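Data file: coords14.txt. Format and content: compact mmCIF, C-alpha atoms.
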# COMPACT_ATOMS: atom_id res chain seq x y z
CA MET A 3 42.71 -96.01 -20.92
CA ALA A 4 41.54 -95.22 -24.41
CA ALA A 5 43.89 -93.19 -26.57
CA LEU A 6 43.38 -89.42 -26.61
CA ARG A 7 41.26 -88.16 -29.47
CA SER A 8 40.10 -84.73 -30.55
CA LEU A 9 36.65 -83.85 -29.29
CA ALA A 10 33.97 -83.08 -31.87
CA THR A 11 31.38 -80.76 -30.36
CA PRO A 12 28.66 -79.85 -32.88
CA SER A 13 26.39 -77.00 -31.90
CA PHE A 14 22.75 -77.88 -31.35
CA SER A 15 19.99 -75.37 -30.88
CA SER A 16 18.66 -77.04 -27.73
CA PRO A 17 21.48 -77.76 -25.26
CA ALA A 18 20.82 -80.17 -22.41
CA ARG A 19 19.28 -78.68 -19.31
CA LEU A 20 21.12 -79.76 -16.21
CA SER A 21 19.96 -80.05 -12.63
CA PRO A 22 21.05 -82.21 -9.71
CA ARG A 23 18.15 -84.51 -10.55
CA SER A 24 19.28 -84.83 -14.17
CA LEU A 25 21.86 -87.39 -13.23
CA ARG A 26 19.58 -90.01 -11.76
CA ILE A 27 21.22 -93.40 -11.66
CA ARG A 28 19.46 -95.56 -14.19
CA CYS A 29 19.97 -99.30 -14.08
CA LEU A 30 22.63 -98.81 -11.39
CA ALA A 31 20.46 -99.44 -8.36
CA THR A 32 20.20 -103.21 -8.38
CA PRO A 33 17.66 -104.60 -5.88
CA SER A 34 18.35 -108.13 -4.71
CA ALA A 35 16.62 -110.71 -2.56
CA GLU A 36 20.00 -111.42 -0.98
CA PRO A 37 21.17 -109.32 1.98
CA LEU A 38 23.32 -106.44 0.76
CA ARG A 39 27.03 -106.59 1.41
CA LYS A 40 28.79 -103.64 3.01
CA THR A 41 32.23 -102.26 2.36
CA GLY A 42 34.48 -101.48 5.28
CA LEU A 43 33.39 -97.83 4.97
CA TYR A 44 29.64 -98.35 5.45
CA ASP A 45 29.52 -96.64 8.87
CA PHE A 46 31.89 -93.93 7.60
CA HIS A 47 29.44 -93.17 4.79
CA LEU A 48 26.51 -92.89 7.19
CA GLN A 49 28.51 -90.57 9.43
CA ASN A 50 29.05 -88.36 6.39
CA ALA A 51 25.33 -88.17 5.52
CA ALA A 52 25.51 -90.51 2.56
CA LYS A 53 22.36 -91.60 0.76
CA MET A 54 22.87 -95.36 0.43
CA VAL A 55 21.45 -97.40 -2.46
CA PRO A 56 21.78 -101.03 -3.55
CA PHE A 57 24.43 -101.48 -6.25
CA ALA A 58 26.06 -104.69 -7.47
CA GLY A 59 24.98 -106.54 -4.32
CA TYR A 60 26.34 -103.82 -2.01
CA SER A 61 24.91 -100.90 -0.11
CA MET A 62 26.81 -98.00 -1.69
CA PRO A 63 26.72 -94.18 -1.43
CA LEU A 64 24.80 -92.43 -4.20
CA ALA A 65 25.59 -88.92 -2.91
CA TYR A 66 26.53 -87.14 0.32
CA GLY A 67 24.50 -84.58 2.26
CA THR A 68 23.04 -81.81 0.15
CA VAL A 69 25.69 -82.02 -2.57
CA GLY A 70 24.04 -83.08 -5.81
CA ALA A 71 25.48 -85.34 -8.48
CA VAL A 72 26.19 -82.46 -10.90
CA ALA A 73 28.06 -80.46 -8.23
CA SER A 74 30.07 -83.55 -7.25
CA HIS A 75 30.86 -84.28 -10.89
CA LEU A 76 32.12 -80.76 -11.54
CA HIS A 77 34.16 -80.76 -8.33
CA VAL A 78 36.05 -83.86 -9.49
CA ARG A 79 36.69 -82.21 -12.86
CA SER A 80 38.04 -79.03 -11.19
CA SER A 81 39.49 -80.22 -7.87
CA ALA A 82 39.42 -83.71 -6.32
CA GLY A 83 36.94 -86.34 -5.19
CA LEU A 84 37.24 -89.54 -3.18
CA PHE A 85 35.28 -92.64 -4.16
CA ASP A 86 34.75 -95.84 -2.17
CA VAL A 87 35.29 -98.65 -4.68
CA GLY A 88 35.81 -101.30 -2.03
CA HIS A 89 32.98 -103.33 -3.54
CA MET A 90 35.31 -104.29 -6.38
CA VAL A 91 36.90 -107.74 -6.12
CA GLN A 92 40.65 -107.63 -5.51
CA SER A 93 42.70 -110.76 -6.17
CA ASN A 94 46.27 -111.99 -6.32
CA PHE A 95 47.44 -114.67 -8.75
CA ARG A 96 50.78 -116.23 -7.94
CA GLY A 97 52.89 -119.08 -9.21
CA PRO A 98 55.60 -119.93 -11.77
CA THR A 99 53.03 -120.12 -14.59
CA ALA A 100 50.88 -117.15 -13.53
CA THR A 101 51.74 -115.12 -16.64
CA ALA A 102 50.85 -117.96 -19.01
CA PHE A 103 47.66 -118.67 -17.07
CA LEU A 104 46.40 -115.09 -17.28
CA GLU A 105 47.34 -114.96 -20.97
CA TRP A 106 45.07 -117.98 -21.41
CA LEU A 107 42.22 -116.26 -19.55
CA THR A 108 42.64 -112.94 -21.40
CA PRO A 109 43.84 -111.79 -24.85
CA SER A 110 46.35 -109.32 -23.43
CA SER A 111 50.14 -109.45 -23.77
CA LEU A 112 51.20 -109.80 -20.15
CA SER A 113 54.63 -111.30 -20.86
CA SER A 114 55.84 -107.95 -22.18
CA LEU A 115 54.20 -105.89 -19.42
CA GLN A 116 56.80 -104.28 -17.19
CA PRO A 117 56.77 -104.95 -13.42
CA TYR A 118 54.34 -102.67 -11.56
CA SER A 119 52.56 -101.77 -14.78
CA SER A 120 48.85 -102.27 -15.43
CA THR A 121 46.57 -102.87 -18.37
CA LEU A 122 42.84 -102.95 -18.90
CA SER A 123 41.84 -106.40 -20.12
CA VAL A 124 38.82 -108.67 -20.53
CA LEU A 125 37.92 -112.14 -19.32
CA LEU A 126 36.44 -114.04 -22.27
CA ASN A 127 34.10 -117.01 -22.47
CA GLU A 128 34.51 -119.77 -25.04
CA ARG A 129 32.44 -117.74 -27.54
CA GLY A 130 34.71 -114.72 -27.25
CA GLY A 131 32.11 -112.80 -25.21
CA ILE A 132 33.16 -110.58 -22.33
CA ILE A 133 32.63 -112.19 -18.92
CA ASP A 134 34.05 -109.08 -17.29
CA ASP A 135 36.44 -106.22 -17.85
CA THR A 136 39.37 -106.11 -15.47
CA VAL A 137 42.53 -104.22 -14.60
CA ILE A 138 45.60 -106.46 -14.33
CA THR A 139 48.73 -105.23 -12.57
CA LYS A 140 51.94 -107.20 -12.99
CA HIS A 141 54.19 -107.18 -9.94
CA ALA A 142 56.48 -109.89 -11.33
CA ASP A 143 56.28 -112.75 -13.81
CA ASP A 144 54.89 -114.91 -11.00
CA ALA A 145 52.70 -112.34 -9.24
CA PHE A 146 49.70 -110.34 -10.47
CA TYR A 147 47.13 -108.11 -8.77
CA VAL A 148 43.73 -108.23 -10.49
CA VAL A 149 40.62 -106.09 -9.92
CA THR A 150 37.22 -107.21 -11.23
CA ASN A 151 33.67 -105.86 -10.98
CA ALA A 152 31.46 -106.38 -7.93
CA GLY A 153 28.41 -107.09 -10.06
CA ARG A 154 30.25 -110.05 -11.60
CA ARG A 155 31.66 -111.35 -8.34
CA GLU A 156 29.99 -114.77 -8.31
CA ARG A 157 30.48 -115.36 -12.03
CA ASP A 158 34.12 -114.26 -11.98
CA LEU A 159 35.14 -116.16 -8.87
CA ALA A 160 33.50 -119.36 -10.11
CA TRP A 161 35.27 -118.89 -13.46
CA PHE A 162 38.62 -118.30 -11.76
CA SER A 163 38.18 -121.37 -9.58
CA GLU A 164 37.20 -123.56 -12.51
CA GLN A 165 40.00 -122.39 -14.78
CA VAL A 166 42.70 -122.56 -12.07
CA GLY A 167 41.65 -126.18 -11.52
CA VAL A 168 41.78 -126.97 -15.24
CA TRP A 169 45.14 -125.25 -15.60
CA ASN A 170 46.79 -126.87 -12.59
CA ALA A 171 45.65 -130.32 -13.74
CA SER A 172 47.15 -129.82 -17.20
CA GLU A 173 50.65 -130.07 -18.62
CA ARG A 174 50.72 -126.29 -18.89
CA ALA A 175 51.32 -126.13 -15.14
CA ALA A 176 54.32 -128.46 -15.34
CA ALA A 177 56.63 -125.62 -14.32
CA GLY A 178 54.47 -124.84 -11.29
CA LYS A 179 50.86 -124.36 -10.29
CA VAL A 180 48.90 -121.13 -9.98
CA GLU A 181 47.33 -119.96 -6.72
CA HIS A 182 44.40 -117.54 -6.50
CA GLU A 183 43.96 -115.40 -3.38
CA ILE A 184 40.90 -113.18 -2.85
CA LEU A 185 41.65 -110.05 -0.84
CA GLU A 186 38.40 -110.30 1.08
CA ASP A 187 37.20 -107.15 2.83
CA TRP A 188 40.16 -105.07 1.64
CA GLY A 189 39.43 -101.42 1.02
CA LEU A 190 39.87 -99.69 -2.33
CA LEU A 191 39.72 -95.91 -2.62
CA ALA A 192 39.90 -93.82 -5.78
CA LEU A 193 41.26 -90.30 -5.36
CA GLN A 194 40.49 -88.49 -8.63
CA GLY A 195 40.83 -85.02 -10.08
CA PRO A 196 43.41 -82.38 -11.06
CA GLU A 197 44.27 -81.65 -7.41
CA ALA A 198 44.54 -85.33 -6.42
CA ALA A 199 48.30 -85.59 -6.95
CA ALA A 200 49.13 -82.47 -4.96
CA TYR A 201 46.90 -83.61 -2.10
CA LEU A 202 48.39 -87.11 -1.96
CA GLN A 203 51.94 -85.75 -2.32
CA GLY A 204 51.40 -83.82 0.90
CA LEU A 205 50.97 -87.14 2.71
CA THR A 206 54.01 -89.03 1.40
CA SER A 207 57.75 -88.71 0.91
CA PHE A 208 57.43 -90.81 -2.27
CA ASP A 209 57.87 -88.66 -5.39
CA LEU A 210 54.57 -89.18 -7.20
CA ARG A 211 56.04 -87.73 -10.39
CA ALA A 212 57.74 -91.11 -10.79
CA LEU A 213 54.33 -92.80 -10.83
CA THR A 214 52.86 -92.32 -14.29
CA PHE A 215 49.50 -93.42 -15.68
CA GLY A 216 49.18 -97.20 -15.70
CA THR A 217 51.93 -97.82 -13.15
CA SER A 218 51.85 -98.61 -9.44
CA ALA A 219 54.05 -98.84 -6.35
CA PHE A 220 53.89 -99.51 -2.65
CA VAL A 221 53.82 -95.99 -1.23
CA PRO A 222 54.34 -94.88 2.41
CA ILE A 223 51.36 -92.68 3.33
CA GLU A 224 51.40 -91.26 6.84
CA GLY A 225 52.74 -94.48 8.34
CA PHE A 226 50.81 -96.87 6.08
CA ASN A 227 52.49 -98.80 3.26
CA LEU A 228 49.83 -99.01 0.57
CA HIS A 229 49.55 -100.25 -3.01
CA VAL A 230 48.89 -97.14 -5.13
CA ALA A 231 48.05 -97.36 -8.83
CA ARG A 232 47.87 -94.24 -11.00
CA GLY A 233 44.66 -94.29 -13.01
CA GLY A 234 40.94 -94.48 -12.44
CA TYR A 235 37.43 -94.42 -13.90
CA THR A 236 36.88 -90.68 -14.41
CA GLY A 237 39.28 -89.62 -17.16
CA GLU A 238 41.08 -87.38 -14.67
CA ASP A 239 44.50 -87.86 -13.15
CA GLY A 240 44.18 -89.90 -10.00
CA PHE A 241 45.03 -92.92 -7.90
CA GLU A 242 43.45 -96.15 -6.77
CA ILE A 243 44.68 -97.19 -3.34
CA SER A 244 44.32 -100.72 -1.96
CA ILE A 245 44.08 -100.88 1.82
CA PRO A 246 44.11 -103.72 4.40
CA PRO A 247 40.76 -104.04 6.22
CA SER A 248 42.00 -102.73 9.56
CA GLN A 249 43.32 -99.51 8.01
CA THR A 250 40.55 -98.58 5.57
CA VAL A 251 38.58 -96.15 7.74
CA GLU A 252 41.63 -94.25 8.95
CA VAL A 253 42.98 -93.90 5.41
CA ALA A 254 39.59 -92.72 4.15
CA GLN A 255 39.46 -90.06 6.87
CA MET A 256 42.96 -88.93 5.93
CA LEU A 257 42.15 -88.69 2.21
CA SER A 258 38.82 -86.86 2.53
CA LYS A 259 39.87 -83.50 3.93
CA PHE A 260 39.55 -80.18 2.08
CA PRO A 261 39.61 -79.72 -0.88
CA VAL A 262 38.71 -83.37 -1.46
CA GLN A 263 34.99 -84.14 -1.50
CA LEU A 264 33.44 -87.54 -0.86
CA THR A 265 31.80 -88.58 -4.14
CA GLY A 266 29.11 -91.17 -4.83
CA LEU A 267 27.78 -93.36 -7.60
CA GLY A 268 25.79 -90.56 -9.25
CA ALA A 269 28.87 -88.56 -10.22
CA ARG A 270 30.93 -91.68 -10.87
CA ASP A 271 28.56 -92.77 -13.64
CA SER A 272 28.52 -89.41 -15.42
CA LEU A 273 32.29 -89.00 -15.11
CA ARG A 274 33.01 -92.42 -16.61
CA LEU A 275 30.60 -91.87 -19.50
CA GLU A 276 32.18 -88.52 -20.38
CA ALA A 277 35.51 -90.41 -20.38
CA GLY A 278 34.05 -93.02 -22.77
CA MET A 279 34.42 -95.86 -20.29
CA CYS A 280 32.15 -98.90 -20.21
CA LEU A 281 29.90 -100.09 -17.40
CA TYR A 282 29.59 -103.86 -17.33
CA GLY A 283 26.00 -105.02 -17.67
CA GLN A 284 25.06 -101.97 -19.74
CA ASP A 285 27.84 -101.47 -22.28
CA LEU A 286 29.46 -104.91 -22.03
CA ASP A 287 28.09 -108.44 -21.66
CA GLU A 288 28.82 -112.07 -22.49
CA ASP A 289 27.40 -111.74 -26.00
CA THR A 290 29.73 -108.87 -26.90
CA SER A 291 33.26 -109.39 -28.19
CA PRO A 292 36.10 -106.98 -27.40
CA VAL A 293 36.24 -106.03 -31.09
CA GLU A 294 32.57 -105.02 -31.10
CA ALA A 295 33.14 -103.12 -27.85
CA GLY A 296 35.95 -101.01 -29.31
CA LEU A 297 38.46 -102.75 -27.04
CA THR A 298 40.63 -104.25 -29.78
CA TRP A 299 43.56 -102.37 -28.25
CA VAL A 300 43.53 -104.67 -25.19
CA ILE A 301 44.32 -107.62 -27.50
CA GLY A 302 48.10 -107.88 -27.72
CA LYS A 303 49.42 -107.40 -31.26
CA ASP A 304 51.54 -110.52 -30.85
CA ARG A 305 48.42 -112.52 -29.90
CA ARG A 306 45.99 -111.54 -32.64
CA GLU A 307 47.11 -114.23 -35.08
CA SER A 308 48.50 -116.98 -32.90
CA GLY A 309 47.59 -116.25 -29.28
CA ASP A 310 46.20 -119.24 -27.40
CA PHE A 311 43.45 -117.75 -25.25
CA ILE A 312 39.89 -118.72 -24.40
CA GLY A 313 37.47 -117.38 -27.04
CA ALA A 314 40.20 -116.74 -29.60
CA ASP A 315 38.29 -118.12 -32.61
CA ARG A 316 35.46 -115.58 -32.50
CA VAL A 317 37.80 -112.74 -31.64
CA ARG A 318 39.97 -113.54 -34.68
CA GLU A 319 36.89 -113.81 -36.87
CA HIS A 320 35.88 -110.29 -35.85
CA LEU A 321 39.43 -109.01 -36.32
CA VAL A 322 39.68 -110.43 -39.85
CA GLU A 323 36.14 -110.04 -41.17
CA GLY A 324 35.01 -107.12 -39.04
CA PRO A 325 32.35 -107.27 -36.29
CA PRO A 326 28.63 -107.03 -37.12
CA ARG A 327 28.22 -104.03 -34.81
CA ARG A 328 30.41 -101.49 -33.06
CA ARG A 329 30.30 -99.41 -29.90
CA VAL A 330 30.02 -95.70 -30.66
CA GLY A 331 29.60 -92.35 -28.96
CA LEU A 332 26.63 -90.11 -29.74
CA ILE A 333 25.69 -86.50 -29.11
CA ILE A 334 21.91 -86.20 -29.17
CA GLU A 335 19.79 -83.12 -29.76
CA GLY A 336 16.97 -82.08 -27.46
CA ALA A 337 16.52 -84.71 -24.77
CA PRO A 338 18.86 -87.32 -23.27
CA ALA A 339 18.58 -90.91 -24.48
CA ARG A 340 18.71 -93.61 -21.85
CA GLN A 341 19.65 -97.26 -21.88
CA GLY A 342 17.47 -99.21 -24.31
CA ALA A 343 16.64 -96.33 -26.66
CA GLN A 344 16.63 -97.51 -30.27
CA ILE A 345 18.92 -95.97 -32.89
CA PHE A 346 17.82 -95.46 -36.50
CA SER A 347 19.53 -94.37 -39.69
CA GLN A 348 18.18 -91.34 -41.55
CA ALA A 349 16.59 -93.55 -44.21
CA GLU A 350 15.73 -96.96 -42.78
CA PRO A 351 12.55 -97.62 -40.76
CA GLU A 352 14.15 -100.53 -38.89
CA PRO A 353 16.47 -99.88 -35.92
CA ILE A 354 20.19 -100.23 -36.60
CA GLY A 355 21.35 -100.10 -32.99
CA ILE A 356 20.62 -99.41 -29.34
CA VAL A 357 21.77 -96.98 -26.65
CA THR A 358 23.47 -98.65 -23.68
CA SER A 359 24.29 -95.55 -21.55
CA GLY A 360 23.15 -91.95 -21.80
CA ILE A 361 23.15 -88.75 -19.72
CA PRO A 362 23.09 -84.98 -19.96
CA SER A 363 26.83 -84.19 -19.75
CA PRO A 364 27.56 -81.77 -16.88
CA SER A 365 30.88 -80.78 -18.44
CA LEU A 366 29.62 -80.17 -21.99
CA GLY A 367 26.01 -79.11 -21.53
CA LYS A 368 25.02 -81.61 -24.21
CA ASN A 369 23.30 -84.98 -24.21
CA ILE A 370 25.84 -87.75 -24.65
CA ALA A 371 25.32 -91.46 -25.08
CA MET A 372 27.10 -94.69 -25.81
CA GLY A 373 25.64 -97.57 -27.77
CA TYR A 374 26.03 -100.14 -30.52
CA VAL A 375 25.21 -99.68 -34.20
CA GLN A 376 25.52 -101.94 -37.21
CA THR A 377 28.90 -101.78 -38.90
CA GLY A 378 28.76 -99.22 -41.66
CA PHE A 379 26.88 -96.70 -39.56
CA HIS A 380 29.69 -96.30 -37.04
CA LYS A 381 31.93 -93.72 -38.67
CA LYS A 382 32.65 -90.33 -37.11
CA GLY A 383 30.24 -87.64 -38.26
CA THR A 384 27.45 -90.04 -39.30
CA SER A 385 24.01 -88.51 -38.71
CA LEU A 386 21.50 -90.85 -37.07
CA GLN A 387 18.27 -90.65 -35.10
CA VAL A 388 17.46 -91.91 -31.61
CA ASP A 389 13.98 -92.68 -30.30
CA VAL A 390 13.63 -90.69 -27.08
CA ARG A 391 10.18 -91.02 -25.49
CA ASN A 392 8.59 -91.93 -28.83
CA LYS A 393 10.13 -88.98 -30.64
CA LEU A 394 13.06 -89.27 -33.05
CA ARG A 395 15.93 -87.00 -32.04
CA SER A 396 18.88 -86.08 -34.25
CA ALA A 397 22.16 -87.70 -33.19
CA LEU A 398 25.74 -87.51 -34.40
CA ILE A 399 28.42 -90.20 -34.10
CA THR A 400 31.15 -88.57 -32.02
CA PRO A 401 34.59 -89.91 -31.02
CA MET A 402 35.08 -90.92 -27.40
CA PRO A 403 36.16 -89.80 -24.88
CA PHE A 404 33.67 -86.95 -24.98
CA VAL A 405 35.85 -84.99 -22.55
CA LYS A 406 39.61 -85.03 -23.06
CA THR A 407 41.34 -87.28 -20.56
CA GLN A 408 43.93 -85.79 -18.21
CA TYR A 409 46.10 -88.80 -17.41
CA TYR A 410 49.57 -88.04 -16.06
CA ARG A 411 52.17 -89.53 -18.39
CA GLY A 412 55.20 -87.73 -17.02
CA SER A 413 56.56 -84.21 -17.31
Using structure tokens, write down the structure that the file contains.
Amino acid sequence: MAALRSLATPSFSSPARLSPRSLRIRCLATPSAEPLRKTGLYDFHLQNAAKMVPFAGYSMPLAYGTVGAVASHLHVRSSAGLFDVGHMVQSNFRGPTATAFLEWLTPSSLSSLQPYSSTLSVLLNERGGIIDDTVITKHADDAFYVVTNAGRRERDLAWFSEQVGVWNASERAAAGKVEHEILEDWGLLALQGPEAAAYLQGLTSFDLRALTFGTSAFVPIEGFNLHVARGGYTGEDGFEISIPPSQTVEVAQMLSKFPVQLTGLGARDSLRLEAGMCLYGQDLDEDTSPVEAGLTWVIGKDRRESGDFIGADRVREHLVEGPPRRRVGLIIEGAPARQGAQIFSQAEPEPIGIVTSGIPSPSLGKNIAMGYVQTGFHKKGTSLQVDVRNKLRSALITPMPFVKTQYYRGS
């Protein structure tokens, strides 16, 4: 949801070499001693020749059949892809004080959000660190639909439970308590790409032109009445569709016909990085404030000075004095930098930052990365160096998104 910016694309003598193996998932496969959960589409994935890998406590599709990650990535950029994101945690918050409660949990201005509009936000701990990033959809002042990350499921749900209890026991809930409902086992599908709207329009009488980026509606789709939100994690136009458990497989079958391709985690990671979007656990964590993360825009302007939200003191300190480090985009010469690669200035022998995500970009043919650098080294056009396999590579601070977003904001 970041604002559109012009794309700086300096020319390097050694463009990235791309192959289907170039986009290996690094730090995404997350082995666990616990049995892996399965989304409602697990058998559907196997029937479609998916290669399944552990991710965020779930068995999830990395790719399908012989289609590589680069080919899947480029298909989403040029046509349409369907992603199973049913591992994400879907919740409803209801009650007379639901707006005030969620404005206590997050720094966003939800009071002014229009019904059936969404915003990216962050759950903050008492130190102003990011517990999780989340998309909050307001259905009414007393009803919100919230999506959080699968990898933070236990932490988030425990936090929700604790804070709902604190809130409901306080005077703040005098006008009415808040209830939290987890939509357990519900499906969530993301239909993404420039042909997504035309494909979905062929399945509904609802005029999708009325559904702009960041808005949602209950849409009749071939006999199903489904919650459809316009947006996604790729930078392309698209939709995220929430589906009751009993209907998930049938809807997935309906949404995965030509020209739509089933798309796995491999392409999802490269698409989101080109779009400048964060992956929790790599680019965000509980020691990082939203100001450091370049997410100041999720903090409501009316809340920056006087908003009463958890973690407000550190957030305001960073707003007023500036954060010690900032998230930046990098284009790197020669070889791709991966998570953990150290960033250096041109003159200093000590590292001034670290790469948190990095890939060869299929769309640009260049090595792109995201990371954090000390404030002062973060400005557009700053030349830096990145240690890639014990060799310093030239890098340039570049605005994100790396690839221009294509969100539909109306004709």
Near-A:His182 list (9 Å; all atoms listed in the file; drop same-chain fewer than 6 positions) as a PDB file with C-alpha atoms, in the frame of the given file:
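Once written, part-v4.pdb looks like this:
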ATOM      1  CA  SER A  93      42.700-110.760  -6.170  1.00  0.00           C
ATOM      2  CA  ASN A  94      46.270-111.990  -6.320  1.00  0.00           C
ATOM      3  CA  PHE A  95      47.440-114.670  -8.750  1.00  0.00           C
ATOM      4  CA  ARG A  96      50.780-116.230  -7.940  1.00  0.00           C
ATOM      5  CA  PHE A 162      38.620-118.300 -11.760  1.00  0.00           C
ATOM      6  CA  SER A 163      38.180-121.370  -9.580  1.00  0.00           C
ATOM      7  CA  VAL A 166      42.700-122.560 -12.070  1.00  0.00           C
TER       8      VAL A 166
END
Practice task
In Å, rounded to a single decimal, give me how far atom CA of A:Gly195 is from atom CA of A:Ser248.
Solution key: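 Interatomic distance, atom CA of A:Ser248 to atom CA of A:Gly195: 26.5 Å.
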Exercise for the section: Would you list the residues near (33.9, -91.9, -16.0), meaning any protein, DNA or RNA residue with an atom at most 10 Å from that point in file coordinates, counting only C-alpha atoms, as a list of chain:residue names? Expected result: A:His75, A:Gly234, A:Tyr235, A:Thr236, A:Gly237, A:Glu238, A:Ala269, A:Arg270, A:Asp271, A:Ser272, A:Leu273, A:Arg274, A:Leu275, A:Glu276, A:Ala277, A:Gly278, A:Met279, A:Cys280, A:Leu281, A:Pro403, A:Val405, A:Thr407
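Atom to atom, atom CA of A:Ile334 and atom CA of A:Arg395 stand 6.7 Å apart.
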Counting all atoms listed in the file, what are the residues of stretch 219-321 of chain A within 9 Å of stretch 118-124 of chain A, and for each of them which pair of atoms is the nearest and at what distance in Å, to one decimal? Sort the table by chain and rising number, as a tab-separated table.
residue	atom	partner	partner_atom	distance
A:Ala219	CA	A:Tyr118	CA	6.5
A:Ala231	CA	A:Ser120	CA	8.3
A:Pro292	CA	A:Val124	CA	7.6
A:Leu297	CA	A:Ser123	CA	8.5
A:Val300	CA	A:Ser123	CA	5.6
A:Ile301	CA	A:Ser123	CA	7.9
